[in-house]
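Student: What follows is data_27.cif, mmCIF, C-alpha atoms.
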data_upload
#
loop_
_atom_site.label_atom_id
_atom_site.label_comp_id
_atom_site.auth_asym_id
_atom_site.auth_seq_id
_atom_site.Cartn_x
_atom_site.Cartn_y
_atom_site.Cartn_z
CA MET A 1277 14.68 -16.45 16.76
CA ALA A 1278 10.96 -15.81 17.07
CA TRP A 1279 7.96 -13.72 16.13
CA THR A 1280 6.24 -11.46 18.63
CA VAL A 1281 2.57 -10.81 17.83
CA THR A 1282 0.53 -7.99 19.36
CA TYR A 1283 -2.65 -5.96 18.97
CA ASP A 1284 -0.90 -2.89 20.38
CA LEU A 1285 0.10 -0.41 17.68
CA GLU A 1286 2.41 1.57 19.93
CA GLU A 1287 4.22 -1.58 21.06
CA PHE A 1288 4.69 -2.50 17.41
CA ARG A 1289 5.96 0.96 16.49
CA ALA A 1290 8.42 0.91 19.37
CA ALA A 1291 9.76 -2.54 18.45
CA ALA A 1292 9.64 -2.49 14.64
CA GLY A 1293 9.52 1.20 13.75
CA GLY A 1294 13.28 1.53 13.48
CA PHE A 1295 13.51 -1.44 11.11
CA LEU A 1296 10.68 -0.14 8.91
CA ARG A 1297 12.07 3.40 8.76
CA ALA A 1298 15.56 2.16 7.92
CA HIS A 1299 14.19 0.65 4.68
CA PRO A 1300 11.41 3.05 3.65
CA VAL A 1301 11.23 2.06 -0.02
CA ARG A 1302 10.70 -1.67 0.45
CA ASN A 1303 8.56 -1.09 3.55
CA THR A 1304 6.48 1.69 2.01
CA THR A 1305 3.07 0.06 2.47
CA LEU A 1306 3.64 -1.00 6.06
CA LEU A 1307 4.88 2.50 6.92
CA THR A 1308 1.93 4.27 5.32
CA VAL A 1309 -0.66 1.89 6.78
CA VAL A 1310 0.83 2.32 10.25
CA SER A 1311 0.81 6.09 9.76
CA SER A 1312 -2.87 6.03 8.77
CA LEU A 1313 -3.80 3.80 11.70
CA ALA A 1314 -1.99 6.13 14.11
CA ALA A 1315 -3.80 9.16 12.67
CA ALA A 1316 -7.27 7.74 11.99
CA GLY A 1317 -7.59 4.96 14.59
CA SER A 1318 -7.68 1.17 14.55
CA GLY A 1319 -10.96 1.10 12.61
CA ARG A 1320 -9.38 2.78 9.58
CA TYR A 1321 -9.55 -0.37 7.42
CA GLY A 1322 -12.24 -2.47 9.05
CA ALA A 1323 -14.13 -3.31 12.23
CA ASP A 1324 -11.78 -6.04 13.47
CA PRO A 1325 -8.65 -4.92 15.33
CA PRO A 1326 -5.37 -4.90 13.39
CA VAL A 1327 -2.69 -7.45 14.28
CA TYR A 1328 1.04 -6.67 14.23
CA GLY A 1329 4.23 -8.66 14.58
CA TRP A 1330 8.00 -8.47 14.32
CA TRP A 1331 10.82 -10.97 13.87
CA ALA A 1332 14.02 -10.81 15.92
CA GLY A 1333 16.97 -12.97 14.91
CA GLU A 1334 18.29 -12.92 18.45
CA GLU A 1335 16.49 -12.97 21.78
CA LYS A 1336 15.68 -9.36 22.72
CA GLY A 1337 17.51 -8.27 19.59
CA PRO A 1338 16.32 -5.62 17.12
CA ALA A 1339 13.54 -6.33 14.66
CA GLU A 1340 14.68 -7.81 11.36
CA GLY A 1341 11.25 -8.27 9.79
CA ALA A 1342 7.63 -7.26 10.35
CA PHE A 1343 4.04 -7.87 9.34
CA LEU A 1344 0.65 -6.33 9.97
CA CYS A 1345 -2.87 -7.44 9.16
CA THR A 1346 -5.97 -5.26 8.97
CA PRO A 1347 -8.80 -7.80 8.65
CA PRO A 1348 -10.43 -8.69 6.33
CA TYR A 1349 -7.36 -7.92 4.20
CA PRO A 1350 -4.46 -10.42 4.02
CA PRO A 1351 -1.30 -9.99 6.10
CA LEU A 1352 1.13 -7.45 4.68
CA LEU A 1353 4.75 -8.58 5.03
CA SER A 1354 8.06 -6.75 4.93
CA PRO A 1355 10.90 -8.45 3.05
CA LEU A 1356 11.71 -11.56 5.10
CA SER A 1357 14.41 -14.18 5.12
CA GLY A 1358 13.23 -17.66 4.20
CA GLU A 1359 13.50 -18.71 7.83
CA ALA A 1360 11.44 -15.75 9.04
CA ALA A 1361 8.74 -16.26 6.38
CA ARG A 1362 8.38 -19.96 7.21
CA SER A 1363 8.36 -19.23 10.93
CA LEU A 1364 5.59 -16.65 10.48
CA ALA A 1365 3.47 -19.13 8.54
CA ARG A 1366 3.97 -21.68 11.32
CA THR A 1367 3.16 -19.10 14.03
CA LEU A 1368 -0.07 -17.92 12.40
CA ALA A 1369 -1.21 -21.43 11.51
CA ARG A 1370 -0.55 -22.70 15.02
CA ASP A 1371 -2.31 -19.77 16.68
CA GLY A 1372 -5.40 -20.03 14.46
CA GLU A 1373 -6.90 -16.82 15.89
CA LEU A 1374 -6.19 -14.71 12.81
CA LYS A 1375 -8.05 -15.86 9.71
CA VAL A 1376 -5.39 -15.78 7.00
CA THR A 1377 -7.03 -15.53 3.58
CA GLY A 1378 -3.86 -14.75 1.64
CA VAL A 1379 -0.70 -12.69 1.76
CA ASN A 1380 0.59 -9.40 0.31
CA ALA A 1381 4.36 -9.04 -0.06
CA GLY A 1382 7.30 -8.81 -2.41
CA ARG A 1383 7.36 -11.74 -4.80
CA GLU A 1384 10.05 -13.84 -3.07
CA THR A 1385 8.65 -13.36 0.43
CA ALA A 1386 5.06 -13.98 -0.72
CA GLU A 1387 5.99 -17.20 -2.49
CA THR A 1388 8.04 -18.49 0.44
CA PHE A 1389 5.25 -17.76 2.92
CA ALA A 1390 2.63 -19.35 0.64
CA SER A 1391 4.72 -22.51 0.22
CA ALA A 1392 5.11 -22.83 3.99
CA TRP A 1393 1.41 -22.08 4.54
CA GLN A 1394 0.51 -24.92 2.21
CA ASP A 1395 2.85 -27.25 4.11
CA PHE A 1396 1.24 -26.34 7.43
CA THR A 1397 -2.42 -26.07 6.40
CA GLY A 1398 -2.88 -27.69 3.00
CA ALA A 1399 -4.22 -24.42 1.55
CA VAL A 1400 -3.22 -23.74 -2.05
CA SER A 1401 -2.38 -20.20 -3.19
CA THR A 1402 -3.48 -18.42 -6.36
CA VAL A 1403 -2.26 -15.08 -7.66
CA GLY A 1404 -4.90 -12.40 -7.20
CA GLN A 1405 -2.89 -9.36 -8.24
CA THR A 1406 0.64 -8.55 -9.36
CA HIS A 1407 1.85 -5.04 -8.61
CA ARG A 1408 5.06 -3.27 -9.55
CA LEU A 1409 6.66 -0.80 -7.18
CA TYR A 1410 8.13 2.29 -8.84
CA ARG A 1411 10.47 4.95 -7.42
CA LEU A 1412 10.74 8.46 -8.83
CA ASP A 1413 14.10 9.30 -10.38
CA ALA A 1414 14.06 12.64 -12.24
CA LEU A 1415 10.56 14.02 -12.64
CA THR A 1416 9.63 14.65 -16.28
CA PRO A 1417 6.29 16.52 -16.44
CA PRO A 1418 4.12 16.03 -19.54
CA ASP A 1419 5.20 18.21 -22.44
CA PRO A 1420 3.00 19.67 -23.68
CA ALA A 1421 0.90 19.78 -20.55
CA PRO A 1422 -2.87 19.44 -20.97
CA PRO A 1423 -4.97 22.54 -20.41
CA GLY A 1424 -5.86 23.31 -16.83
CA ARG A 1425 -4.02 23.64 -13.54
CA PRO A 1426 -3.47 21.70 -10.32
CA ARG A 1427 -4.84 22.65 -6.92
CA THR A 1428 -5.11 21.02 -3.52
CA ALA A 1429 -8.49 19.41 -2.97
CA THR A 1430 -10.70 20.73 -0.18
CA THR A 1431 -13.77 19.54 1.66
CA ALA A 1432 -15.85 21.21 -1.07
CA ASP A 1433 -14.61 18.43 -3.39
CA ARG A 1434 -15.47 15.65 -0.91
CA ASP A 1435 -18.61 14.25 -2.57
CA LEU A 1436 -17.00 14.19 -6.01
CA LEU A 1437 -13.85 12.55 -4.66
CA ILE A 1438 -15.89 9.86 -2.88
CA THR A 1439 -17.62 9.08 -6.18
CA TRP A 1440 -14.25 8.94 -7.97
CA CYS A 1441 -12.73 6.77 -5.24
CA GLU A 1442 -15.67 4.37 -5.55
CA GLY A 1443 -15.01 4.17 -9.28
CA PHE A 1444 -11.32 3.60 -8.65
CA ALA A 1445 -12.17 0.80 -6.21
CA ARG A 1446 -14.46 -0.93 -8.70
CA GLU A 1447 -11.87 -0.78 -11.46
CA THR A 1448 -8.72 -1.68 -9.54
CA ASP A 1449 -9.70 -3.53 -6.34
CA ALA A 1450 -6.87 -1.52 -4.76
CA VAL A 1451 -8.81 0.45 -2.14
CA ARG A 1452 -8.43 -0.83 1.41
CA GLY A 1453 -11.30 -0.12 3.79
CA ASP A 1454 -14.12 2.40 3.71
CA VAL A 1455 -13.97 4.75 0.71
CA THR A 1456 -15.38 7.73 2.61
CA ALA A 1457 -12.85 7.25 5.39
CA GLN A 1458 -10.05 7.14 2.83
CA VAL A 1459 -11.11 10.40 1.25
CA ASP A 1460 -11.57 12.11 4.61
CA ASP A 1461 -8.17 10.84 5.76
CA LYS A 1462 -6.43 12.25 2.69
CA LEU A 1463 -8.30 15.55 2.85
CA GLY A 1464 -7.19 15.80 6.47
CA HIS A 1465 -3.53 16.09 5.45
CA ASP A 1466 -3.99 17.88 2.09
CA GLY A 1467 -3.26 14.57 0.42
CA ILE A 1468 -5.25 14.94 -2.81
CA THR A 1469 -4.45 17.15 -5.80
CA VAL A 1470 -7.08 17.72 -8.47
CA TRP A 1471 -6.43 18.81 -12.04
CA GLU A 1472 -8.93 21.55 -12.78
CA LEU A 1473 -10.12 22.75 -16.18
CA ASP A 1474 -12.25 25.90 -16.38
CA GLY A 1475 -13.07 25.57 -12.68
CA ARG A 1476 -14.11 21.91 -13.00
CA PRO A 1477 -12.06 19.03 -11.51
CA VAL A 1478 -11.25 16.50 -14.26
CA ALA A 1479 -8.75 14.16 -12.53
CA CYS A 1480 -7.05 13.60 -9.20
CA ALA A 1481 -3.90 12.14 -7.68
CA GLY A 1482 -3.50 11.33 -4.01
CA ILE A 1483 -0.43 10.98 -1.85
CA SER A 1484 0.23 9.37 1.52
CA ARG A 1485 1.53 11.09 4.61
CA THR A 1486 5.28 11.51 4.55
CA VAL A 1487 7.04 8.92 6.72
CA ALA A 1488 10.82 8.52 6.95
CA ASP A 1489 11.26 11.03 4.08
CA MET A 1490 9.05 8.78 1.91
CA ALA A 1491 5.57 9.22 0.44
CA ARG A 1492 3.57 7.15 -2.00
CA VAL A 1493 1.32 8.38 -4.79
CA ALA A 1494 -2.04 6.60 -4.90
CA LEU A 1495 -5.64 7.09 -6.01
CA VAL A 1496 -4.80 8.44 -9.48
CA TYR A 1497 -8.14 8.66 -11.25
CA THR A 1498 -9.85 10.21 -14.24
CA PRO A 1499 -13.54 9.59 -14.97
CA PRO A 1500 -13.94 7.33 -18.03
CA GLU A 1501 -15.48 10.04 -20.19
CA LEU A 1502 -12.45 12.33 -19.68
CA ARG A 1503 -9.66 9.83 -20.24
CA GLY A 1504 -7.01 10.01 -22.93
CA ARG A 1505 -6.41 13.74 -22.52
CA GLY A 1506 -3.40 13.68 -20.20
CA TYR A 1507 -5.17 14.87 -17.05
CA ALA A 1508 -4.07 11.96 -14.82
CA GLY A 1509 -0.45 12.32 -15.87
CA ALA A 1510 -0.55 16.05 -15.20
CA ALA A 1511 -2.10 15.51 -11.76
CA THR A 1512 0.49 12.86 -10.91
CA ALA A 1513 3.34 15.11 -12.03
CA ALA A 1514 1.87 17.99 -10.00
CA VAL A 1515 1.53 16.01 -6.78
CA SER A 1516 4.99 14.47 -7.29
CA GLY A 1517 6.61 17.84 -7.94
CA ALA A 1518 4.95 19.41 -4.90
CA ALA A 1519 6.18 16.56 -2.69
CA ARG A 1520 9.72 16.90 -4.02
CA ALA A 1521 9.60 20.66 -3.44
CA ALA A 1522 8.49 19.99 0.15
CA GLY A 1523 11.58 17.86 0.73
CA VAL A 1524 10.22 14.33 0.30
CA ARG A 1525 13.24 12.26 -0.72
CA GLU A 1526 11.61 8.99 -1.80
CA LEU A 1527 8.49 9.15 -3.96
CA LEU A 1528 6.90 5.81 -4.80
CA LEU A 1529 3.84 4.31 -6.42
CA PHE A 1530 2.40 0.90 -7.29
CA THR A 1531 0.89 -0.14 -10.60
CA ASP A 1532 -1.12 -3.16 -11.65
CA LEU A 1533 1.07 -5.06 -14.10
CA ASP A 1534 -2.04 -5.95 -16.08
CA ASN A 1535 -2.47 -2.25 -16.94
CA PRO A 1536 0.12 -1.34 -19.60
CA THR A 1537 -1.24 2.20 -19.92
CA SER A 1538 -0.48 3.20 -16.34
CA ASN A 1539 2.90 1.45 -16.35
CA ALA A 1540 3.95 3.35 -19.47
CA LEU A 1541 2.60 6.65 -18.13
CA TYR A 1542 4.52 6.57 -14.86
CA GLN A 1543 7.75 5.63 -16.60
CA ARG A 1544 7.34 8.64 -18.91
CA LEU A 1545 7.05 10.80 -15.79
CA GLY A 1546 10.35 9.48 -14.44
CA TYR A 1547 9.29 6.59 -12.20
CA ARG A 1548 11.57 3.54 -12.38
CA PRO A 1549 10.80 -0.09 -11.39
CA VAL A 1550 11.98 -1.34 -7.99
CA GLU A 1551 10.35 -4.75 -7.47
CA ASP A 1552 7.18 -6.75 -8.01
CA HIS A 1553 4.67 -7.56 -5.28
CA LEU A 1554 2.12 -10.37 -5.21
CA VAL A 1555 -1.29 -10.50 -3.58
CA LEU A 1556 -1.97 -14.21 -3.13
CA SER A 1557 -5.27 -15.79 -2.10
CA PHE A 1558 -5.42 -19.06 -0.16
CA SER A 1559 -8.05 -21.69 -0.82
CA ALA A 1560 -10.94 -21.60 1.62
CA SER A 1561 -11.50 -25.35 1.46
CA ALA A 1562 -8.45 -26.41 3.43
CA GLU A 1563 -8.82 -26.23 7.17
CA GLN A 1564 -5.97 -24.57 9.03
CA GLY A 1565 -3.78 -27.00 10.88
CA HIS A 1566 -1.84 -26.58 14.09
CA PRO A 1567 1.76 -27.67 13.51
CA SER A 1568 3.89 -28.59 16.44
#
Can the structure from this file be put into structure tokens for me?

Tutor:
Amino acid sequence: MAWTVTYDLEEFRAAAGGFLRAHPVRNTTLLTVVSSLAAAGSGRYGADPPVYGWWAGEEKGPAEGAFLCTPPYPPLLSPLSGEAARSLARTLARDGELKVTGVNAGRETAETFASAWQDFTGAVSTVGQTHRLYRLDALTPPDPAPPGRPRTATTADRDLLITWCEGFARETDAVRGDVTAQVDDKLGHDGITVWELDGRPVACAGISRTVADMARVALVYTPPELRGRGYAGAATAAVSGAARAAGVRELLLFTDLDNPTSNALYQRLGYRPVEDHLVLSFSASAEQGHPS
């Protein structure tokens, strides 16, 4: 029983891809990040090379857990057994090459890893963000719908979308990596829908590439001066309906649990809670140890 750690994306996909694709809902973020890295290159989220790893319960056996890290962001973990989570903390603490500033995972896995990390390094964790994962059941578009219509964003919308994405990043702290690269990446696969009123975009909703019959809605944004008119809900319903019509089986999204407005909105549209995720930060004062 051991972790294998690599900087090679293709090695990781070959070893852990089957495990991730077999559980696309709970592994949604790992799947979409891997998809973006494969399409946009290793610099998609930062200058430092991403690190990947997988857990096998038996020697040369199939992967039963996985993680990836795109510095400077914290490691992103799949659901892990307690043994696998503790073993990963020990492996990363012992190696010391990857600077671990926190962890991003489902609540149970995140808390188990953080407890082990404290045992091995002395670092104390604090909760930075709490997210709730939702899965679309039956789509219920807004009724009545706000005025306007949806359309797929194009490169002509690029500058506006960059400005909106910057606003989204300031408000939510949910944007990973360069904002311009994110917008370009989504435009490259027709991954942004705008809600347009009288020829003017008033809101947007993005969606990830489809992986293992799963896609995740993200970057739902309305400028502050246009909020409260139903545009974001209409854009989200439009992008969700288009994905369903295209054959996407699992449609997901994350919300910040501190935002009751968005949580209520997505539930009205037919999204149902799956599980909570924690983004934990580790204290910078404790020096990483090297357990035996």

Student: Please write as number ranges by chain the full residue list that the PyMOL selection byres ((chain A and resi 1470) around 7) yields on this file.

Tutor: A: 1426-1429, 1468-1469, 1471-1472, 1477, 1479-1481, 1511

Student: Would you write out, as a list in words, every residue that the PyMOL selection byres ((chain A and resi 1440) around 10) captures in this file?

Tutor: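 Applied to this file, the PyMOL selection byres ((chain A and resi 1440) around 10) returns Arg1434, Asp1435, Leu1436, Leu1437, Ile1438, Thr1439, Cys1441, Glu1442, Gly1443, Phe1444, Ala1445, Arg1446, Val1455, Val1459, Ala1479, Cys1480, Leu1495, Val1496, Tyr1497, Thr1498 and Pro1499 of chain A.
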
Student: Of the candidates A:Pro1348, A:Asp1371, A:Val1487, A:Ala1399, which one gets nearest to Ala1314 (chain A) if we count all atoms listed in the file?

Tutor: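 Comparing A:Pro1348, A:Asp1371, A:Val1487, A:Ala1399 against Ala1314 (chain A), the winner is A:Val1487.
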
Student: Name the residues that the PyMOL selection byres ((chain A and resi 1407) around 8) picks from the file above, as a list in words, using the file's chain letters and numbers.

Tutor: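 Applied to this file, the PyMOL selection byres ((chain A and resi 1407) around 8) returns Gln1405, Thr1406, Arg1408, Leu1409, Phe1530, Thr1531, Asp1532, Leu1533, Asp1552, His1553 and Leu1554 of chain A.
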
Student: Find the axis-aligned box for region 1422-1434 of chain A, covering all its listed atoms and adding 5 Å on each side, and write its centre and edge lengths in Å to one decimal as JSON.

Tutor:
{"center_x": -9.4, "center_y": 19.6, "center_z": -9.7, "size_x": 23.0, "size_y": 18.0, "size_z": 32.6}

Student: Provide the CA of Pro1338 (chain A) to CA of Asp1324 (chain A) distance in Å, to one decimal place.

Tutor: 28.3 Å

Student: Please list as a ChimeraX atom specification every residue within 12 Å of Met1490 (chain A), counting all atoms listed in the file and excluding residues in the same chain fewer than 3 positions away.

Tutor: /A:1296-1308,1311,1411-1412,1483-1487,1493,1516,1519-1520,1522-1529

Student: Using all atoms listed in the file, can you tell me which of A:Ser1318, A:Ser1557, A:Thr1346, A:Thr1367 comes closest to Trp1279 (chain A)?

Tutor: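 Between A:Ser1318, A:Ser1557, A:Thr1346, A:Thr1367, the residue approaching Trp1279 (chain A) most closely is A:Thr1367.
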
Student: Find the residues around Leu1344 (chain A) up to 12 Å (all atoms listed in the file counted), leave out those fewer than 4 positions away in its own chain, and share them as a CSV table (one decimal) with C-alpha atoms, keeping the file's coordinate frame.

Tutor:
chain,number,residue,atom,x,y,z
A,1280,THR,CA,6.2,-11.5,18.6
A,1281,VAL,CA,2.6,-10.8,17.8
A,1282,THR,CA,0.5,-8.0,19.4
A,1283,TYR,CA,-2.6,-6.0,19.0
A,1284,ASP,CA,-0.9,-2.9,20.4
A,1285,LEU,CA,0.1,-0.4,17.7
A,1288,PHE,CA,4.7,-2.5,17.4
A,1289,ARG,CA,6.0,1.0,16.5
A,1292,ALA,CA,9.6,-2.5,14.6
A,1296,LEU,CA,10.7,-0.1,8.9
A,1303,ASN,CA,8.6,-1.1,3.6
A,1305,THR,CA,3.1,0.1,2.5
A,1306,LEU,CA,3.6,-1.0,6.1
A,1307,LEU,CA,4.9,2.5,6.9
A,1308,THR,CA,1.9,4.3,5.3
A,1309,VAL,CA,-0.7,1.9,6.8
A,1310,VAL,CA,0.8,2.3,10.2
A,1313,LEU,CA,-3.8,3.8,11.7
A,1325,PRO,CA,-8.6,-4.9,15.3
A,1326,PRO,CA,-5.4,-4.9,13.4
A,1327,VAL,CA,-2.7,-7.4,14.3
A,1328,TYR,CA,1.0,-6.7,14.2
A,1329,GLY,CA,4.2,-8.7,14.6
A,1330,TRP,CA,8.0,-8.5,14.3
A,1331,TRP,CA,10.8,-11.0,13.9
A,1348,PRO,CA,-10.4,-8.7,6.3
A,1349,TYR,CA,-7.4,-7.9,4.2
A,1350,PRO,CA,-4.5,-10.4,4.0
A,1351,PRO,CA,-1.3,-10.0,6.1
A,1352,LEU,CA,1.1,-7.4,4.7
A,1353,LEU,CA,4.8,-8.6,5.0
A,1354,SER,CA,8.1,-6.8,4.9
A,1364,LEU,CA,5.6,-16.6,10.5
A,1368,LEU,CA,-0.1,-17.9,12.4
A,1374,LEU,CA,-6.2,-14.7,12.8
A,1376,VAL,CA,-5.4,-15.8,7.0
A,1379,VAL,CA,-0.7,-12.7,1.8
A,1380,ASN,CA,0.6,-9.4,0.3
A,1381,ALA,CA,4.4,-9.0,-0.1

Student: To one decimal place in Å, what is the distance between CA of Asp1461 (chain A) and CA of Arg1320 (chain A)?

Tutor: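 Going from CA of Asp1461 (chain A) over to CA of Arg1320 (chain A), I get 9.0 Å.
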